[in-house]
Amino acid sequence: MLSKNALNAVYQSFDIESQCISEMKNYINEEEFSKAVELLCNAVRIGAAGSGHSGIACQHFCHLMCCVERPARFISPAEAIHGATGYLQKGDVMVFASRGGKTKELLPIVDICKAKGVKIITITENLQSPLAEAADVVIKQYVNRETDKWNMQGTTSTTALCMLFHALQAAVIEETGYVAEQFALIHPGGAVGERLNNKSV
């Protein structure tokens, strides 16, 4: 059986993250969010980059975009400056995720995007950061605190970032008129694919 302290940490984790999600709605800037959705809907290609937990969330975001017919690719910060940014062309969109907005590995990619005419969406808690100031659109990330007792692990911040990505996809679905039949075609596998492609249902 877990110790009392460990059990308290379990339940506190739920409380901390649910509070963050509930409060984060108050930080949505509808004008900026609308601009971001418009860019994502109109881009031929979408790139996304982040480091650590943010990078993992960006991979999830790219899959979300592909699932609604918006071609997207995670661009590793390490690979970006060794040719991977060749994926991006003028008019495409690059999404940067950095809670502090100062991730050094991402800054050289900004210069490449600017030179190529690639639009930039930055998701960050720091609206005065280099990544925010370089962006065409900035989405505010809100984090009350991380779930660990030292407030240092990328837990709540990752949940908050994924929530913003989920909200962006939900809006893209509405703005593009994406329908279940489209998803059925590209997702024939698993229980979801079976349900979507079962004509008798």
# chains A, B, ... in the order shown; residues from 1 in each chain; ligands from 1
call {"tool": "select_by_dssp", "arguments": {"residues": "segment 114-201 of chain A", "states": "strand (DSSP E)", "output": "PyMOL selection string"}}
result
chain A and resi 119-124+137-140
call {"tool": "write_last_selection", "arguments": {"atoms": "N, CA and C atoms", "output": "compact mmCIF listing (two decimals), in the first residue's frame"}}
result
# COMPACT_ATOMS: atom_id res chain seq x y z
N LYS A 119 4.93 31.40 -41.64
CA LYS A 119 4.23 32.03 -40.53
C LYS A 119 4.53 31.29 -39.22
N ILE A 120 4.56 32.03 -38.12
CA ILE A 120 4.93 31.46 -36.83
C ILE A 120 3.80 31.61 -35.82
N ILE A 121 3.44 30.49 -35.19
CA ILE A 121 2.54 30.49 -34.04
C ILE A 121 3.37 30.06 -32.84
N THR A 122 3.37 30.86 -31.79
CA THR A 122 4.09 30.49 -30.57
C THR A 122 3.10 30.28 -29.44
N ILE A 123 3.28 29.19 -28.73
CA ILE A 123 2.50 28.92 -27.53
C ILE A 123 3.45 29.01 -26.34
N THR A 124 3.19 29.95 -25.45
CA THR A 124 4.11 30.20 -24.34
C THR A 124 3.39 30.89 -23.20
N VAL A 137 1.49 35.00 -34.44
CA VAL A 137 0.37 34.77 -33.52
C VAL A 137 0.93 34.16 -32.24
N VAL A 138 0.42 34.63 -31.09
CA VAL A 138 0.86 34.10 -29.80
C VAL A 138 -0.36 33.59 -29.04
N ILE A 139 -0.27 32.36 -28.56
CA ILE A 139 -1.32 31.79 -27.72
C ILE A 139 -0.76 31.64 -26.31
N LYS A 140 -1.48 32.20 -25.36
CA LYS A 140 -1.06 32.18 -23.97
C LYS A 140 -1.25 30.81 -23.35
call {"tool": "residues_around", "arguments": {"residues": "Ala167 of chain A", "least_positions_apart": "4", "cutoff": "12 Å", "atoms": "only C-alpha atoms", "output": "PDB file with C-alpha atoms, in the first residue's frame"}}
result
ATOM      1  CA  ILE A  21      -7.676  23.264 -17.180  1.00  0.00           C
ATOM      2  CA  MET A  24      -6.982  28.267 -18.506  1.00  0.00           C
ATOM      3  CA  LYS A  25     -10.164  29.183 -20.385  1.00  0.00           C
ATOM      4  CA  ILE A  28      -7.924  32.548 -24.165  1.00  0.00           C
ATOM      5  CA  GLU A  30     -10.174  34.981 -29.041  1.00  0.00           C
ATOM      6  CA  PHE A  33      -6.815  32.028 -31.289  1.00  0.00           C
ATOM      7  CA  SER A  34      -8.856  32.863 -34.380  1.00  0.00           C
ATOM      8  CA  ALA A  36      -3.987  30.692 -35.294  1.00  0.00           C
ATOM      9  CA  VAL A  37      -6.894  28.562 -36.525  1.00  0.00           C
ATOM     10  CA  PHE A  61      -0.260  17.943 -32.158  1.00  0.00           C
ATOM     11  CA  LEU A  64      -3.926  15.584 -34.480  1.00  0.00           C
ATOM     12  CA  MET A  65      -3.487  17.801 -37.524  1.00  0.00           C
ATOM     13  CA  ILE A 139      -1.320  31.789 -27.718  1.00  0.00           C
ATOM     14  CA  ALA A 160      -2.090  22.538 -20.457  1.00  0.00           C
ATOM     15  CA  LEU A 161      -0.211  22.497 -23.761  1.00  0.00           C
ATOM     16  CA  CYS A 162      -2.076  19.409 -24.972  1.00  0.00           C
ATOM     17  CA  MET A 163      -5.372  21.045 -24.008  1.00  0.00           C
ATOM     18  CA  ALA A 171     -11.770  24.640 -33.978  1.00  0.00           C
ATOM     19  CA  VAL A 172     -10.083  23.478 -37.191  1.00  0.00           C
ATOM     20  CA  ILE A 173     -12.687  20.723 -37.535  1.00  0.00           C
ATOM     21  CA  GLU A 174     -15.455  23.318 -37.316  1.00  0.00           C
TER      22      GLU A 174
END
call {"tool": "residues_around", "arguments": {"residues": "segment 102-111 of chain A", "least_positions_apart": "4", "cutoff": "7 Å", "atoms": "only C-alpha atoms", "output": "VMD selection string"}}
result
chain A and resid 77 80 to 81 98 115 129 to 131
call {"tool": "atom_distance", "arguments": {"atom1": "atom CA of Gly47 of chain A", "atom2": "atom CA of Tyr87 of chain A"}}
result
8.1 Å
call {"tool": "residues_around", "arguments": {"residues": "Arg145 of chain A", "least_positions_apart": "5", "cutoff": "10 Å", "atoms": "only C-alpha atoms", "output": "number ranges by chain"}}
result
A: 16-17, 19-20, 150-157
call {"tool": "write_last_selection", "arguments": {"atoms": "C-alpha atoms", "output": "PDB file, in the first residue's frame"}}
result
ATOM      1  CA  ILE A  16      -3.842  20.643  -9.552  1.00  0.00           C
ATOM      2  CA  GLU A  17      -4.337  19.668 -13.198  1.00  0.00           C
ATOM      3  CA  GLN A  19      -7.802  23.420 -11.651  1.00  0.00           C
ATOM      4  CA  CYS A  20      -5.357  24.401 -14.395  1.00  0.00           C
ATOM      5  CA  TRP A 150       9.054  20.715  -6.025  1.00  0.00           C
ATOM      6  CA  ASN A 151       7.027  22.279  -8.875  1.00  0.00           C
ATOM      7  CA  MET A 152       9.658  21.372 -11.465  1.00  0.00           C
ATOM      8  CA  GLN A 153       8.532  18.405 -13.581  1.00  0.00           C
ATOM      9  CA  GLY A 154       6.777  18.999 -16.916  1.00  0.00           C
ATOM     10  CA  THR A 155       3.426  17.621 -15.789  1.00  0.00           C
ATOM     11  CA  THR A 156       0.655  20.217 -15.554  1.00  0.00           C
ATOM     12  CA  SER A 157       2.412  22.316 -18.176  1.00  0.00           C
TER      13      SER A 157
END
call {"tool": "select_by_dssp", "arguments": {"residues": "segment 11-166 of chain A", "states": "helix (DSSP H, G or I)", "output": "number ranges by chain"}}
result
A: 11-27, 30-42, 53-67, 77-80, 84-87, 107-116, 130-133, 156-166
call {"tool": "closest_residue", "arguments": {"among": "A:Gly190, A:Ala48, A:Asp136, A:Cys113", "to": "His63 of chain A", "atoms": "only C-alpha atoms"}}
result
A:Ala48
call {"tool": "closest_atom_pairs", "arguments": {"of": "segment 70-187 of chain A", "to": "segment 4-12 of chain A", "cutoff": "10 Å", "atoms": "only C-alpha atoms", "output": "tab-separated table"}}
result
residue	atom	partner	partner_atom	distance
A:Thr147	CA	A:Gln12	CA	7.4
A:Asp148	CA	A:Ala9	CA	7.6
A:Lys149	CA	A:Ala9	CA	8.0
call {"tool": "closest_residue", "arguments": {"among": "A:His60, A:Lys90, A:Lys116, A:Lys35", "to": "Arg73 of chain A", "atoms": "only C-alpha atoms"}}
result
A:His60
call {"tool": "closest_residue", "arguments": {"among": "A:Leu185, A:Val93, A:Ala191, A:Cys58", "to": "Thr159 of chain A", "atoms": "only C-alpha atoms"}}
result
A:Cys58
call {"tool": "atom_distance", "arguments": {"atom1": "atom CA of Asp15 of chain A", "atom2": "atom CA of Glu125 of chain A"}}
result
20.7 Å
